[in-house]
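Presented below is the structure to which this report refers.
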Amino acid sequence: MKNAFLPMIAVMVAAAVPAFSQTQQAPNDAKAAKHKVVFQLNAPKPSGWDQIFHNVENVQKIFAADGVQVEIVFFGQGLTMLLKKNDEYAERLKEAADKGVIIAACQNTMRAMKVTTADLFPFATQVDSGVAELVRKQEAGWVYIKGGE
Amino acid sequence: MKNAFLPMIAVMVAAAVPAFSQTQQAPNDAKAAKHKVVFQLNAPKPSGWDQIFHNVENVQKIFAADGVQVEIVFFGQGLTMLLKKNDEYAERLKEAADKGVIIAACQNTMRAMKVTTADLFPFATQVDSGVAELVRKQEAGWVYIKGGE
Amino acid sequence: MKNAFLPMIAVMVAAAVPAFSQTQQAPNDAKAAKHKVVFQLNAPKPSGWDQIFHNVENVQKIFAADGVQVEIVFFGQGLTMLLKKNDEYAERLKEAADKGVIIAACQNTMRAMKVTTADLFPFATQVDSGVAELVRKQEAGWVYIKGGE
């Protein structure tokens with residue numbers, strides 16, 4: 001019985017996590033996912049910006065049966081994709097977030113660019129450092145893919 | 001005795017694998033190779049296009065004694081390197097394929113670019129998704145290197 | 001007692017290693033570090049050249065308590081950052097090296113660009129092949145990050 005309910009509880013817990021929580025705390029369902037993939041996006045527009053959505057969709061589709069958890073870490077010029085004023089990507093980012101993709105903004109880049117939480121799409125989570133996040137995730141067994149061309 | 005003959009058998013098996021087989025099925029010698037390296041090439045020409053041949057040759061030369069298996073996954077703008085009409089790279093790609101490098105074309109990119117198997121060099125293999133292939137290979141213990149600059 | 005002195009000895013040994021030694025031999029303190037991160041820099045100026053210093057500093061700061069070892073592998077156009085005549089980056093590179101970051105120049109690129117040891121900053125170490133070095137480090141459990149945009 002315990003095993004049968006665990007995934008359901010994990011999903012409920014994940015759904016209950018507020019949008020602004022640190023990614024370190026959030027994906028309780030990541031443990032259940034067989035495939036875990038973290039993407040780096042630090043490239044300026046348009047290098048790989050459209051492609052990353054295809055990449056994420058393909059990964060989600062192909063590994064759907066096994067369970068898959070995806071995170072995109074935005075830093076450097078890549079962070080600008082998450083600015084509210086960047087409405088060209090708003091819909092696709094929202095759609096990805098709705099499908100469980102963790103959209104992680106680097107707080108170091110935010111400070112350097114004088115970007116505040118209010119400037120970012122509300123579904124963006126924040127991490128202390130984009131690169132440190134990539135290190136942590138890889139150390140935790142996530143597969144790493146560099147987005148951008 | 002068994003150990004002495006194993007590498008020879010691996011080479012024979014690899015040579016017998018037809019050029020168009022899926023990479024998932026192909027590299028029977030990959031298990032014998034101590035080093036396994038998968039390169040990502042999604043950059044448009046000329047970013048890293050010449051460099052990747054040097055990279056692959058260096059890896060093959062330096063790890064030759066231990067055994068090494070190399071795959072290059074082409075997707076996005078990188079796929080255009082594999083188009084038959086791109087004769088500038090034909091010889092070097094053929095040479096790499098002849099030396100056992102798996103040349104993998106992303107079928108998602110092929111569809112998006114309306115590229116057919118007939119448009120590609122005959123030594124190119126195909127994978128359902130370039131990114132999914134990079135995930136699978138890393139999960140199977142392959143080292144990942146992002147080509148392009 | 002033994003455990004208390006080991007880190008101190010490791011630091012002393014690392015400090016005693018001459019600047020030109022191969023990175024394979026050098027970082028005796030890497031085993032003690034909980035986090036090991038290797039960066040690839042093969043991008044031409046200015047792609048990610050400033051960013052990589054921020055990346056390294058963030059990683060060093062965030063993982064300081066656990067111990068962290070960082071190496072940057074320079075090859076292709078990235079190698080030109082290490083040329084003595086490139087005084088724009090001299091100070092930041094020296095500072096990184098002084099803080100224990102391994103600055104590794106690819107000898108294959110050096111030959112291709114007719115760059116000699118005398119042309120490089122004195123704190124640069126050398127590796128036979130930048131890509132082979134990235135392979136070795138990943139095989140040894142280092143986390144890999146692609147620098148550049």
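We name chains A, B, ... following the order of the structure tokens; residues begin at 1 in each chain, and ligands are numbered from 1 as shown.
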
Residues within 8 Å of Val101 (chain C), please, as a PDB file with all heavy atoms, in the first residue's frame. Count only C-alpha atoms; anything in the same chain fewer than 6 positions from it doesn't count.
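To be explicit, this is the file written out as out_26.pdb:
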ATOM      1  N   GLN C  69      37.607  21.966  -6.130  1.00  0.00           N
ATOM      2  CA  GLN C  69      38.758  22.068  -7.018  1.00  0.00           C
ATOM      3  C   GLN C  69      38.235  22.427  -8.401  1.00  0.00           C
ATOM      4  O   GLN C  69      37.310  21.778  -8.904  1.00  0.00           O
ATOM      5  CB  GLN C  69      39.514  20.735  -7.065  1.00  0.00           C
ATOM      6  CG  GLN C  69      40.706  20.705  -8.010  1.00  0.00           C
ATOM      7  CD  GLN C  69      41.858  21.572  -7.538  1.00  0.00           C
ATOM      8  OE1 GLN C  69      42.156  21.616  -6.343  1.00  0.00           O
ATOM      9  NE2 GLN C  69      42.487  22.277  -8.450  1.00  0.00           N
ATOM     10  N   VAL C  70      38.807  23.460  -8.996  1.00  0.00           N
ATOM     11  CA  VAL C  70      38.335  23.916 -10.311  1.00  0.00           C
ATOM     12  C   VAL C  70      39.478  23.891 -11.323  1.00  0.00           C
ATOM     13  O   VAL C  70      40.616  24.235 -10.995  1.00  0.00           O
ATOM     14  CB  VAL C  70      37.766  25.360 -10.214  1.00  0.00           C
ATOM     15  CG1 VAL C  70      37.377  25.882 -11.593  1.00  0.00           C
ATOM     16  CG2 VAL C  70      36.570  25.399  -9.272  1.00  0.00           C
ATOM     17  N   GLU C  71      39.162  23.453 -12.526  1.00  0.00           N
ATOM     18  CA  GLU C  71      40.127  23.514 -13.638  1.00  0.00           C
ATOM     19  C   GLU C  71      39.431  24.126 -14.842  1.00  0.00           C
ATOM     20  O   GLU C  71      38.259  23.832 -15.103  1.00  0.00           O
ATOM     21  CB  GLU C  71      40.627  22.106 -13.973  1.00  0.00           C
ATOM     22  CG  GLU C  71      41.524  22.058 -15.201  1.00  0.00           C
ATOM     23  CD  GLU C  71      42.230  20.710 -15.393  1.00  0.00           C
ATOM     24  OE1 GLU C  71      42.453  20.004 -14.377  1.00  0.00           O
ATOM     25  OE2 GLU C  71      42.545  20.362 -16.543  1.00  0.00           O
ATOM     26  N   ILE C  72      40.135  24.981 -15.555  1.00  0.00           N
ATOM     27  CA  ILE C  72      39.618  25.486 -16.837  1.00  0.00           C
ATOM     28  C   ILE C  72      40.536  24.966 -17.936  1.00  0.00           C
ATOM     29  O   ILE C  72      41.761  25.146 -17.865  1.00  0.00           O
ATOM     30  CB  ILE C  72      39.577  27.033 -16.906  1.00  0.00           C
ATOM     31  CG1 ILE C  72      38.933  27.622 -15.648  1.00  0.00           C
ATOM     32  CG2 ILE C  72      38.832  27.490 -18.163  1.00  0.00           C
ATOM     33  CD1 ILE C  72      38.984  29.160 -15.592  1.00  0.00           C
TER      34      ILE C  72
END

Practice problem: Find the residues around region 115-131 of chain B up to 8 Å (only C-alpha atoms counted), leave out those fewer than 2 positions away in its own chain, and share them as a PyMOL selection string. | Solution: (chain A and resi 55+58-59+145) or (chain B and resi 19-24+73-75+82-85+90+94+97+102-113+133-135)

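Counting only C-alpha atoms and comparing C:Glu95, C:Glu88, C:Asp50, C:Glu139, the residue that lies closest to chain B is C:Glu139.
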
Counting only C-alpha atoms, which residues of chain B sit at most 6 Å from some atom of chain A, and what is each one's closest atom pair with its distance in Å to one decimal, listed by chain and rising residue number, as CSV?
residue,atom,partner,partner_atom,distance
B:Asn42,CA,A:Glu149,CA,5.9
B:Ala43,CA,A:Glu149,CA,4.5
B:Ala132,CA,A:Val59,CA,5.6

With N, CA, C and O atoms retained, could you export that selection as an mmCIF file, in the first residue's frame?
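Printed below is part.cif as written:
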data_model
loop_
_atom_site.group_PDB
_atom_site.id
_atom_site.type_symbol
_atom_site.label_atom_id
_atom_site.label_comp_id
_atom_site.auth_asym_id
_atom_site.auth_seq_id
_atom_site.Cartn_x
_atom_site.Cartn_y
_atom_site.Cartn_z
ATOM 1 N N ASN B 42 25.379 20.998 -32.589
ATOM 2 C CA ASN B 42 24.151 21.684 -33.011
ATOM 3 C C ASN B 42 24.457 23.108 -33.466
ATOM 4 O O ASN B 42 23.539 23.890 -33.696
ATOM 5 N N ALA B 43 25.736 23.421 -33.601
ATOM 6 C CA ALA B 43 26.135 24.782 -33.973
ATOM 7 C C ALA B 43 26.113 24.945 -35.493
ATOM 8 O O ALA B 43 26.428 24.016 -36.227
ATOM 9 N N ALA B 132 17.677 13.370 -26.840
ATOM 10 C CA ALA B 132 17.388 12.115 -26.136
ATOM 11 C C ALA B 132 18.577 11.155 -26.253
ATOM 12 O O ALA B 132 18.905 10.436 -25.302
#

Practice problem: Select, from B:Gly76, B:Gly100, B:Glu91, B:Ala33, the residue with the minimum atom-to-atom distance to Lys45 (chain B), counting only C-alpha atoms. | Solution: B:Gly76

Exercise. Have a look at CA of Asp98 (chain A) and CA of Glu57 (chain A) and let me know their distance in Å, one decimal.
Key: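 Computing the Euclidean distance for CA of Asp98 (chain A) and CA of Glu57 (chain A) yields 12.4 Å.
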
Quiz item: Where in region 34-129 of chain A does DSSP assign strand (DSSP E or B), given as a list in words?
Solution: His35, Lys36, Val37, Val38, Phe39, Gln40, Leu41, Val68, Gln69, Val70, Glu71, Ile72, Val73, Phe74, Leu83, Ile102, Ile103, Ala104, Ala105, Cys106, Leu120, Thr125, Gln126 and Val127 of chain A

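Atom to atom, CA of Ala96 (chain C) and CA of Phe53 (chain C) stand 7.9 Å apart.
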